[in-house]
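K.L.:
File follows, input_17.txt with compact mmCIF, C-alpha atoms:
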```txt
# COMPACT_ATOMS: atom_id res chain seq x y z
CA ALA D 9 20.90 10.23 21.86
CA LEU D 10 21.66 6.52 22.04
CA THR D 11 17.97 5.73 21.67
CA VAL D 12 17.74 7.86 18.53
CA LEU D 13 20.81 6.14 17.03
CA TYR D 14 19.41 2.73 17.90
CA VAL D 15 16.04 3.46 16.30
CA ALA D 16 17.73 4.94 13.21
CA ALA D 17 19.97 1.87 12.81
CA VAL D 18 17.05 -0.51 13.18
CA LEU D 19 14.96 1.40 10.63
CA VAL D 20 17.85 1.41 8.14
CA PHE D 21 18.28 -2.34 8.59
CA TYR D 22 14.54 -2.85 8.19
CA GLY D 23 14.41 -0.73 5.01
CA LEU D 24 17.36 -2.58 3.48
CA SER D 25 15.93 -6.00 4.33
CA TYR D 26 12.51 -5.05 3.01
CA SER D 27 13.97 -3.83 -0.30
CA ILE D 28 16.01 -7.01 -0.79
CA PHE D 29 12.78 -9.00 -0.59
CA ASN D 30 10.29 -6.59 -2.12
CA VAL D 31 12.10 -5.64 -5.35
CA PRO D 32 12.15 -9.18 -6.84
CA PHE D 33 8.75 -9.90 -5.30
CA ILE D 34 7.14 -7.10 -7.32
CA ALA D 35 9.25 -7.67 -10.45
CA MET D 36 8.51 -11.37 -10.88
CA PRO D 37 4.89 -11.12 -12.19
CA ALA D 38 6.16 -9.17 -15.22
CA GLU D 39 8.25 -12.23 -16.11
CA MET D 40 5.77 -14.91 -15.09
CA THR D 41 3.16 -14.04 -17.75
CA ARG D 42 2.44 -11.74 -20.69
CA GLY D 43 -1.30 -12.06 -20.21
CA TYR D 44 -2.80 -8.60 -19.70
CA HIS D 45 -5.56 -9.79 -17.34
CA GLU D 46 -3.62 -12.77 -15.99
CA ARG D 47 -1.26 -10.30 -14.32
CA SER D 48 -4.23 -8.94 -12.44
CA SER D 49 -5.22 -12.48 -11.45
CA ILE D 50 -1.73 -13.11 -10.05
CA HIS D 51 -1.95 -9.98 -7.95
CA GLY D 52 -5.42 -11.03 -6.89
CA TRP D 53 -3.78 -13.73 -4.80
CA ARG D 54 -1.51 -11.08 -3.36
CA VAL D 55 -4.61 -9.18 -2.24
CA VAL D 56 -5.85 -12.26 -0.39
CA PHE D 57 -2.66 -12.83 1.58
CA ALA D 58 -1.87 -9.14 2.03
CA GLY D 59 -5.36 -8.65 3.40
CA ALA D 60 -4.83 -11.46 5.88
CA GLY D 61 -1.56 -9.86 6.93
CA LEU D 62 -3.16 -6.46 7.41
CA ALA D 63 -5.91 -8.01 9.50
CA MET D 64 -3.34 -9.60 11.77
CA ALA D 65 -1.39 -6.34 11.94
CA GLY D 66 -4.45 -4.21 12.63
CA ALA D 67 -7.09 -6.28 14.36
CA GLY D 68 -4.60 -8.84 15.70
CA ALA D 69 -2.32 -6.23 17.20
CA GLY D 70 -5.27 -4.55 18.88
CA LEU D 71 -6.50 -7.83 20.36
CA ILE D 72 -3.03 -8.77 21.61
CA LEU D 73 -2.46 -5.36 23.19
CA SER D 74 -5.88 -5.51 24.81
CA TRP D 75 -5.05 -8.95 26.20
CA LEU D 76 -1.64 -7.79 27.51
CA SER D 77 -2.97 -4.60 29.08
CA ASP D 78 -3.79 -4.77 32.79
CA SER D 79 -4.68 -1.14 33.56
CA GLU D 80 -6.74 1.85 32.40
CA VAL D 81 -6.52 5.62 32.85
CA ASN D 82 -9.78 7.57 32.55
CA GLY D 83 -11.34 4.57 30.86
CA VAL D 84 -8.57 4.36 28.24
CA GLN D 85 -6.48 1.20 27.87
CA VAL D 86 -2.82 1.49 28.89
CA ASN D 87 0.04 -0.69 27.56
CA THR D 88 3.62 -0.91 28.78
CA GLN D 89 6.87 -0.99 26.80
CA GLY D 90 7.07 -4.73 27.52
CA ASP D 91 3.68 -5.27 25.88
CA TYR D 92 4.88 -3.64 22.67
CA THR D 93 8.12 -5.63 22.80
CA GLN D 94 6.21 -8.91 22.91
CA LEU D 95 3.97 -7.74 20.07
CA SER D 96 7.01 -6.79 17.95
CA LEU D 97 8.72 -10.15 18.49
CA PHE D 98 5.57 -12.01 17.46
CA PHE D 99 5.23 -10.09 14.20
CA ALA D 100 8.97 -10.33 13.47
CA LEU D 101 8.69 -14.12 13.56
CA LEU D 102 5.56 -14.07 11.42
CA ILE D 103 7.19 -11.82 8.78
CA THR D 104 10.29 -14.00 8.62
CA LEU D 105 8.29 -17.19 8.11
CA SER D 106 6.14 -15.50 5.42
CA MET D 107 9.16 -14.33 3.41
CA ILE D 108 10.79 -17.76 3.56
CA THR D 109 7.54 -19.34 2.35
CA ALA D 110 7.29 -16.90 -0.59
CA TRP D 111 10.89 -17.53 -1.60
CA HIS D 112 10.53 -21.31 -1.43
CA GLY D 113 7.20 -21.37 -3.27
CA THR D 114 8.45 -19.35 -6.27
CA ARG D 115 11.82 -20.99 -6.77
CA HIS D 116 10.65 -22.61 -10.03
CA ALA D 117 8.73 -19.60 -11.40
CA PRO D 118 9.39 -18.58 -15.07
CA VAL D 119 12.25 -16.14 -15.57
CA THR D 120 13.43 -13.94 -18.42
CA LYS D 121 16.98 -14.10 -19.77
CA GLN D 122 19.08 -11.40 -18.17
CA THR D 123 20.37 -8.58 -20.36
CA ARG D 124 23.93 -7.29 -19.87
CA THR D 125 23.57 -3.82 -21.37
CA GLU D 126 25.16 -1.10 -19.24
CA LEU D 127 23.41 2.29 -19.25
CA PRO D 128 24.76 5.57 -17.85
CA TRP D 129 22.94 6.95 -14.84
CA ARG D 130 21.47 9.84 -16.81
CA SER D 131 20.13 7.48 -19.47
CA GLN D 132 18.43 5.39 -16.81
CA VAL D 133 16.74 8.43 -15.27
CA SER D 134 15.71 9.64 -18.72
CA SER D 135 14.12 6.29 -19.56
CA PHE D 136 12.06 6.37 -16.38
CA VAL D 137 10.79 9.87 -17.11
CA ARG D 138 9.91 8.95 -20.72
CA ASN D 139 7.88 5.96 -19.58
CA ARG D 140 4.70 7.92 -18.98
CA PRO D 141 2.54 4.97 -17.85
CA PHE D 142 5.10 4.09 -15.19
CA MET D 143 5.49 7.68 -14.01
CA THR D 144 1.71 8.07 -13.81
CA ILE D 145 1.32 4.97 -11.66
CA MET D 146 4.22 6.06 -9.45
CA LEU D 147 2.52 9.38 -8.78
CA VAL D 148 -0.77 7.62 -8.07
CA LYS D 149 0.91 5.18 -5.70
CA ALA D 150 2.81 7.96 -3.93
CA LEU D 151 -0.41 9.85 -3.29
CA GLN D 152 -2.30 6.79 -2.15
CA LEU D 153 0.48 5.38 0.02
CA VAL D 154 1.08 8.67 1.83
CA GLY D 155 -2.64 8.73 2.60
CA VAL D 156 -2.71 5.05 3.61
CA TYR D 157 0.27 5.36 5.96
CA ALA D 158 -1.11 8.54 7.52
CA ASN D 159 -4.47 6.83 8.05
CA GLN D 160 -2.92 3.70 9.54
CA THR D 161 -0.73 5.75 11.86
CA ALA D 162 -3.61 7.84 13.17
CA LEU D 163 -6.15 5.01 13.26
CA PHE D 164 -5.12 3.68 16.65
CA PHE D 165 -5.27 7.18 18.17
CA MET D 166 -8.69 7.71 16.61
CA VAL D 167 -10.22 4.50 17.97
CA VAL D 168 -8.59 4.48 21.43
CA GLU D 169 -8.08 8.16 22.29
CA VAL D 170 -10.79 9.98 20.35
CA MET D 171 -13.55 7.37 20.24
CA GLN D 172 -12.46 6.03 23.65
CA ARG D 173 -12.77 2.39 22.66
CA SER D 174 -10.63 -0.63 23.47
CA SER D 175 -7.86 -1.43 21.01
CA ALA D 176 -9.66 -4.74 20.49
CA ASP D 177 -12.31 -2.76 18.59
CA MET D 178 -9.77 -2.40 15.77
CA ALA D 179 -10.97 -5.87 14.82
CA TYR D 180 -14.30 -4.37 13.73
CA ILE D 181 -12.36 -2.57 11.01
CA GLY D 182 -9.64 -5.09 10.18
CA LEU D 183 -11.67 -8.27 9.89
CA PRO D 184 -14.38 -6.88 7.55
CA MET D 185 -11.64 -5.29 5.47
CA VAL D 186 -9.97 -8.68 4.97
CA PHE D 187 -13.12 -10.56 4.08
CA VAL D 188 -14.35 -7.83 1.73
CA SER D 189 -10.97 -7.45 0.01
CA ILE D 190 -10.95 -11.20 -0.69
CA LEU D 191 -14.55 -11.22 -1.92
CA ALA D 192 -14.09 -8.02 -3.92
CA THR D 193 -11.05 -9.30 -5.83
CA PRO D 194 -12.87 -11.56 -8.34
CA VAL D 195 -15.58 -8.91 -8.74
CA LEU D 196 -12.99 -6.23 -9.50
CA LEU D 197 -11.25 -8.55 -11.98
CA LYS D 198 -14.51 -9.00 -13.92
CA TYR D 199 -15.27 -5.29 -13.62
CA ALA D 200 -11.85 -4.39 -15.04
CA ARG D 201 -12.47 -6.57 -18.11
CA ARG D 202 -15.39 -4.28 -18.93
CA VAL D 203 -14.08 -0.86 -17.94
CA GLY D 204 -10.31 -1.44 -18.02
CA LYS D 205 -7.75 -1.46 -15.24
CA ARG D 206 -7.80 2.32 -15.01
CA GLY D 207 -11.55 2.38 -14.43
CA GLY D 208 -11.30 -0.35 -11.82
CA TYR D 209 -8.47 1.46 -10.07
CA MET D 210 -10.36 4.75 -9.99
CA THR D 211 -13.45 3.04 -8.54
CA ALA D 212 -11.41 1.38 -5.79
CA ALA D 213 -9.73 4.70 -4.94
CA LEU D 214 -13.15 6.33 -4.50
CA PHE D 215 -14.20 3.57 -2.08
CA ALA D 216 -11.05 4.17 -0.04
CA GLY D 217 -11.63 7.93 -0.08
CA ALA D 218 -15.18 7.45 1.19
CA SER D 219 -13.89 5.34 4.06
CA TYR D 220 -11.35 8.01 5.04
CA ALA D 221 -13.86 10.85 4.80
CA SER D 222 -16.36 9.01 7.02
CA TRP D 223 -14.06 9.40 10.04
CA VAL D 224 -15.08 13.07 10.21
CA LEU D 225 -18.39 11.88 11.70
CA ALA D 226 -16.78 9.54 14.27
CA SER D 227 -17.44 10.12 17.97
CA PRO D 228 -17.53 8.13 21.26
CA GLU D 229 -21.31 7.77 20.86
CA GLU D 230 -21.05 6.29 17.37
CA PRO D 231 -22.65 2.83 16.92
CA GLN D 232 -20.23 -0.08 16.56
CA TYR D 233 -21.44 -1.04 13.11
CA MET D 234 -19.93 2.14 11.63
CA LEU D 235 -16.47 0.66 12.22
CA VAL D 236 -17.59 -2.34 10.17
CA VAL D 237 -18.86 -0.07 7.39
CA ARG D 238 -15.48 1.63 7.20
CA GLY D 239 -13.78 -1.75 7.08
CA VAL D 240 -15.99 -2.78 4.16
CA LEU D 241 -15.26 0.41 2.19
CA VAL D 242 -11.52 0.31 2.77
CA GLY D 243 -11.50 -3.41 1.90
CA VAL D 244 -12.66 -2.62 -1.64
CA GLY D 245 -10.15 0.21 -1.86
CA PHE D 246 -7.30 -1.98 -0.62
CA ALA D 247 -8.12 -4.78 -3.06
CA GLY D 248 -8.17 -2.43 -6.03
CA ASN D 249 -5.04 -0.60 -4.91
CA VAL D 250 -2.93 -3.76 -4.79
CA LEU D 251 -4.61 -5.54 -7.68
CA PHE D 252 -4.52 -2.83 -10.34
CA ALA D 253 -1.43 -0.88 -9.32
CA MET D 254 0.82 -3.93 -9.35
CA SER D 255 -0.69 -5.22 -12.60
CA MET D 256 -0.31 -1.82 -14.29
CA ILE D 257 3.30 -1.56 -13.13
CA ALA D 258 3.95 -4.93 -14.82
CA ASP D 259 2.34 -3.56 -18.01
CA ALA D 260 4.56 -0.46 -17.86
CA ILE D 261 7.63 -2.66 -17.42
CA GLU D 262 6.70 -4.65 -20.53
CA TRP D 263 6.10 -1.37 -22.38
CA ASP D 264 9.66 -0.37 -21.49
CA SER D 265 11.07 -3.66 -22.80
CA LEU D 266 9.15 -3.25 -26.08
CA ARG D 267 10.52 0.26 -26.55
CA THR D 268 14.12 -0.42 -25.51
CA GLY D 269 14.66 -4.14 -25.99
CA LEU D 270 15.92 -4.32 -22.38
CA ARG D 271 14.59 -6.27 -19.42
CA ARG D 272 14.74 -3.92 -16.44
CA GLU D 273 12.13 -5.24 -14.04
CA GLY D 274 14.47 -4.85 -11.08
CA MET D 275 15.24 -1.22 -11.86
CA PHE D 276 11.60 -0.23 -12.13
CA THR D 277 10.54 -2.12 -9.01
CA ALA D 278 13.47 -0.59 -7.11
CA VAL D 279 12.04 2.83 -7.95
CA PHE D 280 8.64 1.65 -6.75
CA SER D 281 10.18 0.33 -3.53
CA PHE D 282 11.81 3.73 -2.95
CA VAL D 283 8.50 5.52 -3.51
CA GLU D 284 6.82 3.10 -1.13
CA LYS D 285 9.33 3.64 1.68
CA PHE D 286 9.44 7.40 1.12
CA SER D 287 5.65 7.52 1.37
CA GLY D 288 5.86 5.37 4.48
CA ALA D 289 8.00 8.07 6.07
CA ILE D 290 5.88 11.04 4.96
CA GLY D 291 2.52 9.70 6.15
CA PRO D 292 3.48 9.08 9.80
CA THR D 293 5.44 12.35 9.85
CA ILE D 294 2.28 14.27 8.98
CA VAL D 295 0.44 12.55 11.82
CA GLY D 296 3.30 13.18 14.23
CA VAL D 297 3.37 16.88 13.39
CA ALA D 298 -0.39 17.13 13.79
CA LEU D 299 -0.37 15.37 17.18
CA SER D 300 2.56 17.49 18.37
CA TRP D 301 0.62 20.58 17.37
CA ALA D 302 -2.24 19.28 19.52
CA GLY D 303 0.14 18.88 22.47
CA PHE D 304 -0.14 15.09 22.56
CA SER D 305 2.79 12.95 23.72
CA ALA D 306 3.39 9.42 25.00
CA THR D 307 2.99 10.61 28.60
CA SER D 308 0.10 13.02 28.18
CA GLU D 309 -3.51 12.29 29.07
CA VAL D 310 -6.59 13.29 27.12
CA THR D 311 -8.66 15.76 29.12
CA PRO D 312 -12.02 17.39 28.33
CA GLU D 313 -10.11 20.60 27.58
CA SER D 314 -7.68 18.96 25.13
CA TYR D 315 -10.15 16.55 23.53
CA ALA D 316 -11.39 18.84 20.72
CA THR D 317 -7.86 19.81 19.66
CA LEU D 318 -6.68 16.18 19.72
CA ARG D 319 -9.70 15.09 17.68
CA HIS D 320 -9.02 17.61 14.91
CA ALA D 321 -5.31 16.76 14.87
CA THR D 322 -6.13 13.05 14.58
CA LEU D 323 -8.64 13.74 11.81
CA ILE D 324 -5.85 15.33 9.75
CA GLY D 325 -4.11 11.96 9.62
CA VAL D 326 -7.07 9.60 9.56
CA ALA D 327 -9.51 11.56 7.36
CA TYR D 328 -8.67 14.92 5.79
CA PHE D 329 -5.28 14.18 4.31
CA PRO D 330 -5.94 10.56 3.16
CA ALA D 331 -9.26 11.55 1.55
CA ALA D 332 -7.56 14.38 -0.33
CA CYS D 333 -4.80 12.01 -1.51
CA ALA D 334 -7.36 9.47 -2.73
CA THR D 335 -9.22 12.16 -4.67
CA LEU D 336 -6.02 13.47 -6.29
CA SER D 337 -5.03 9.92 -7.29
CA VAL D 338 -8.27 9.60 -9.26
CA VAL D 339 -7.48 12.83 -11.10
CA VAL D 340 -3.97 11.60 -11.98
CA LEU D 341 -5.33 8.23 -13.16
CA ALA D 342 -7.39 10.06 -15.76
CA PHE D 343 -4.12 10.63 -17.66
CA TYR D 344 -3.13 6.93 -17.76
CA ARG D 345 -3.23 5.63 -21.36
CA LEU D 346 -1.64 2.15 -21.46
CA ASN D 347 -4.62 -0.16 -21.94
CA GLU D 348 -4.90 -3.68 -23.37
CA SER D 349 -5.30 -2.62 -27.01
CA ARG D 350 -2.33 -0.24 -26.95
CA LEU D 351 -0.08 -2.84 -25.37
CA ALA D 352 -1.16 -5.44 -27.94
CA ALA D 353 -0.49 -2.96 -30.76
CA ALA D 354 3.00 -2.32 -29.40
CA ARG D 355 3.70 -6.06 -29.34
CA ARG D 356 2.61 -6.43 -32.96
CA ALA D 357 4.77 -3.47 -33.99
CA VAL D 358 7.85 -5.06 -32.41
CA GLU D 359 7.11 -8.43 -34.04
CA GLU D 360 6.91 -6.68 -37.42
CA GLY D 361 10.20 -4.86 -36.84
CA GLN D 362 8.61 -1.45 -36.24
CA ASP D 363 8.90 0.95 -33.33
CA PRO D 364 5.94 0.88 -30.94
CA ASP D 365 3.96 4.10 -30.69
CA TYR D 366 5.15 6.38 -27.88
CA LEU D 367 2.63 7.11 -25.15
```
Let me see the structure of the file written as structure tokens.
P.N.:
Amino acid sequence: ALTVLYVAAVLVFYGLSYSIFNVPFIAMPAEMTRGYHERSSIHGWRVVFAGAGLAMAGAGAGLILSWLSDSEVNGVQVNTQGDYTQLSLFFALLITLSMITAWHGTRHAPVTKQTRTELPWRSQVSSFVRNRPFMTIMLVKALQLVGVYANQTALFFMVVEVMQRSSADMAYIGLPMVFVSILATPVLLKYARRVGKRGGYMTAALFAGASYASWVLASPEEPQYMLVVRGVLVGVGFAGNVLFAMSMIADAIEWDSLRTGLRREGMFTAVFSFVEKFSGAIGPTIVGVALSWAGFSATSEVTPESYATLRHATLIGVAYFPAACATLSVVVLAFYRLNESRLAAARRAVEEGQDPDYL
């Protein structure tokens, strides 16, 4: 019972700390520029550094755990509680230094004058629901993030337990993902200028979905280069997910200010942060339920008799569910309507003293 309370308290503290940093972090690009494509460029840099962070979290964690491990059971790497404690302390320090750097580097960024209008709770909820571009992107992000978190949770089990590889092999996925996400960012930016942010976002989601679906074919006999292929595919998907979603949220926030005359970046990004954390809870829960159904626990060993069941349970988290979420997100994106021309028309309407058209 004490362990459960301890873990719950730590997770609450983590969620609160993350929100305090993440809400202004996401809101600031909406204030920093009104340029429709410049917002995408700003988030392009976020892709670069987020990709580096994911590589360290994925590939780096696998390499560190492999280095700390000093035993194997049935050819599978074994790590102790102390190994994971050392890993956690290392990443805690890295996260703290990264947040301090972001805060210090943006201390002179452009800001918008704060509005003092007080709105009743019901009016706030109503305004969110009426902002269709924002609601569409929130649904897309919820679908994608649930799939992403489920995939990330099950990925370690898939590589180590199902494919029976060393955790160091996670680097074959993480490192290509980082390099490709960085290289894909300028390509996606140019692509979006031709087909729009929606088209770019849909394309990136399909790349991610293909990466998830490919895990169905994974096996211990699979050649190593297939891990690299998956890293390449998910790298494009990751770049587009961060690049276009964040830029489109900034557009939806500006749309709200044009309609209402209020600056509510913090409110909208707080909703996004809630969706992000809620998705982060749902994804791992799905994997946990699937693994429990397969009879897997921290003390259990994979046997020839249990292998097939464990593989299918792991595929629910790493392949089936994420691929379905990616596909559904593309369908939802088809209903997104806030493009460059519509946003420009709304700006002109406000400048001329007219109400912008409602989407």
K.L.:
Which protein, DNA or RNA residues have an atom at most 6 Å from (2.4, 0.0, -28.6), counting all atoms listed in the file? List them as a PyMOL selection string.
P.N.:
chain D and resi 350-351+353-354+364-365
K.L.:
As a ChimeraX atom specification, please: the residues near Val188 (chain D) (cut-off 7 Å, all atoms listed in the file, same-chain neighbours under 3 positions excluded).
P.N.:
/D:184-185,191-192,240,243-244
K.L.:
At what distance in Å, to one decimal, does CA of Phe252 (chain D) lie from CA of Lys205 (chain D)?
P.N.:
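Interatomic distance here is 6.0 Å.
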K.L.:
Mind running region 118-183 of chain D against region 322-337 of chain D at 10 Å and telling me each contacting residue's nearest atom pair with the distance in Å (one decimal), counting all atoms listed in the file, chain and number ascending, as a Markdown table?
P.N.:
```
| residue | atom | partner | partner_atom | distance |
| --- | --- | --- | --- | --- |
| D:Thr144 | CA | D:Ser337 | CA | 9.6 |
| D:Ile145 | CA | D:Ser337 | CA | 9.2 |
| D:Leu147 | CA | D:Ser337 | CA | 7.7 |
| D:Val148 | CA | D:Ser337 | CA | 4.9 |
| D:Lys149 | CA | D:Ser337 | CA | 7.8 |
| D:Ala150 | CA | D:Ser337 | CA | 8.8 |
| D:Leu151 | CA | D:Cys333 | CA | 5.2 |
| D:Gln152 | CA | D:Ala334 | CA | 5.8 |
| D:Leu153 | CA | D:Cys333 | CA | 8.6 |
| D:Val154 | CA | D:Pro330 | CA | 7.4 |
| D:Gly155 | CA | D:Pro330 | CA | 3.8 |
| D:Val156 | CA | D:Pro330 | CA | 6.4 |
| D:Tyr157 | CA | D:Pro330 | CA | 8.6 |
| D:Ala158 | CA | D:Gly325 | CA | 5.0 |
| D:Asn159 | CA | D:Val326 | CA | 4.1 |
| D:Gln160 | CA | D:Val326 | CA | 7.2 |
| D:Thr161 | CA | D:Gly325 | CA | 7.4 |
| D:Ala162 | CA | D:Val326 | CA | 5.3 |
| D:Leu163 | CA | D:Val326 | CA | 6.0 |
| D:Phe164 | CA | D:Val326 | CA | 9.4 |
| D:Phe165 | CA | D:Thr322 | CA | 6.9 |
| D:Met166 | CA | D:Thr322 | CA | 6.3 |
| D:Glu169 | CA | D:Thr322 | CA | 9.3 |
| D:Val170 | CA | D:Thr322 | CA | 8.0 |
```
K.L.:
Residues near region 33-40 of chain D, anyone? I mean within 6 Å using only C-alpha atoms, not counting same-chain ones fewer than 3 positions away, as a list in words.
P.N.:
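The neighbour list is Asn30, Pro118, Val119, Thr120, Ala258, Glu273, Gly274 and Thr277 of chain D.
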K.L.:
One decimal, in Å: what's the spacing between CA of Leu24 (chain D) and CA of Ile108 (chain D)?
P.N.:
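Computing it gives 16.5 Å between the two atoms.
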K.L.:
Do a neighbour search on Gln89 (chain D) at 12 Å with all atoms listed in the file, toss out local chain neighbours closer than 6 positions, and write the hits as a list in words.
P.N.:
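In the requested form, the answer reads Leu73, Leu76, Ser77, Leu95, Ser96 and Ala306 of chain D.
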K.L.:
Go ahead and write the selection's residues with C-alpha atoms as a short mmCIF file (atom, residue, chain, number, x, y, z; two decimals), in the coordinates of the input.
P.N.:
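File part_28.cif, as written:
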```
data_model
loop_
_atom_site.label_atom_id
_atom_site.label_comp_id
_atom_site.auth_asym_id
_atom_site.auth_seq_id
_atom_site.Cartn_x
_atom_site.Cartn_y
_atom_site.Cartn_z
CA LEU D 73 -2.46 -5.36 23.19
CA LEU D 76 -1.64 -7.79 27.51
CA SER D 77 -2.97 -4.60 29.08
CA LEU D 95 3.97 -7.74 20.07
CA SER D 96 7.01 -6.79 17.95
CA ALA D 306 3.39 9.42 25.00
#
```
K.L.:
What's around Leu346 (chain D) at 9 Å? Count all atoms listed in the file, leave out sequence neighbours fewer than 5 positions away in its own chain, and write the answer as an MDAnalysis selection string.
P.N.:
chainID D and resid 140:141 206 256 259:260 263 351 367
K.L.:
Taking all atoms listed in the file into account, name the residue in D:Ala321, D:Leu102, D:Ala200, D:Ala302 that is nearest to Val224 (chain D).
P.N.:
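The closest residue to Val224 (chain D) is D:Ala321.
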K.L.:
Distance CA of Ala110 (chain D)-CA of Leu251 (chain D), one decimal place?
P.N.:
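Answer for the CA of Ala110 (chain D) to CA of Leu251 (chain D) separation: 17.9 Å.
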K.L.:
Which residue out of D:Ala213, D:Gly245, D:His320, D:Ala298 has the minimum interatomic distance to Val339 (chain D) when only C-alpha atoms are used?
P.N.:
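Closest to Val339 (chain D), using only C-alpha atoms: D:Ala213.
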K.L.:
Given all atoms listed in the file, how would the per-residue table for region 221-325 of chain D near region 131-139 of chain D read, listing every residue at most 12 Å away with its closest atom pair and distance in Å to one decimal, sorted by chain and number, as a Markdown table?
P.N.:
```
| residue | atom | partner | partner_atom | distance |
| --- | --- | --- | --- | --- |
| D:Ile257 | CA | D:Asn139 | CA | 10.9 |
| D:Asp259 | CA | D:Asn139 | CA | 11.1 |
| D:Ala260 | CA | D:Asn139 | CA | 7.4 |
| D:Ile261 | CA | D:Asn139 | CA | 8.9 |
| D:Glu262 | CA | D:Asn139 | CA | 10.7 |
| D:Trp263 | CA | D:Asn139 | CA | 8.0 |
| D:Asp264 | CA | D:Asn139 | CA | 6.8 |
| D:Ser265 | CA | D:Asn139 | CA | 10.6 |
| D:Leu266 | CA | D:Asn139 | CA | 11.3 |
| D:Arg267 | CA | D:Asn139 | CA | 9.4 |
| D:Thr268 | CA | D:Ser135 | CA | 9.0 |
| D:Leu270 | CA | D:Ser135 | CA | 11.1 |
| D:Arg272 | CA | D:Gln132 | CA | 10.0 |
| D:Glu273 | CA | D:Phe136 | CA | 11.8 |
| D:Met275 | CA | D:Gln132 | CA | 8.9 |
| D:Phe276 | CA | D:Phe136 | CA | 7.9 |
| D:Thr277 | CA | D:Phe136 | CA | 11.3 |
| D:Ala278 | CA | D:Phe136 | CA | 11.7 |
| D:Val279 | CA | D:Phe136 | CA | 9.1 |
| D:Phe280 | CA | D:Phe136 | CA | 11.3 |
```
K.L.:
Nearest to Ile28 (chain D): which of D:Met107, D:Gly208, D:Arg54, D:Phe98 is it, counting all atoms listed in the file?
P.N.:
D:Met107
K.L.:
Kindly indicate which residue among D:Gly59, D:Gly90, D:Gly288, D:Gly52 lies nearest to Thr193 (chain D), using all atoms listed in the file for the distances.
P.N.:
D:Gly52
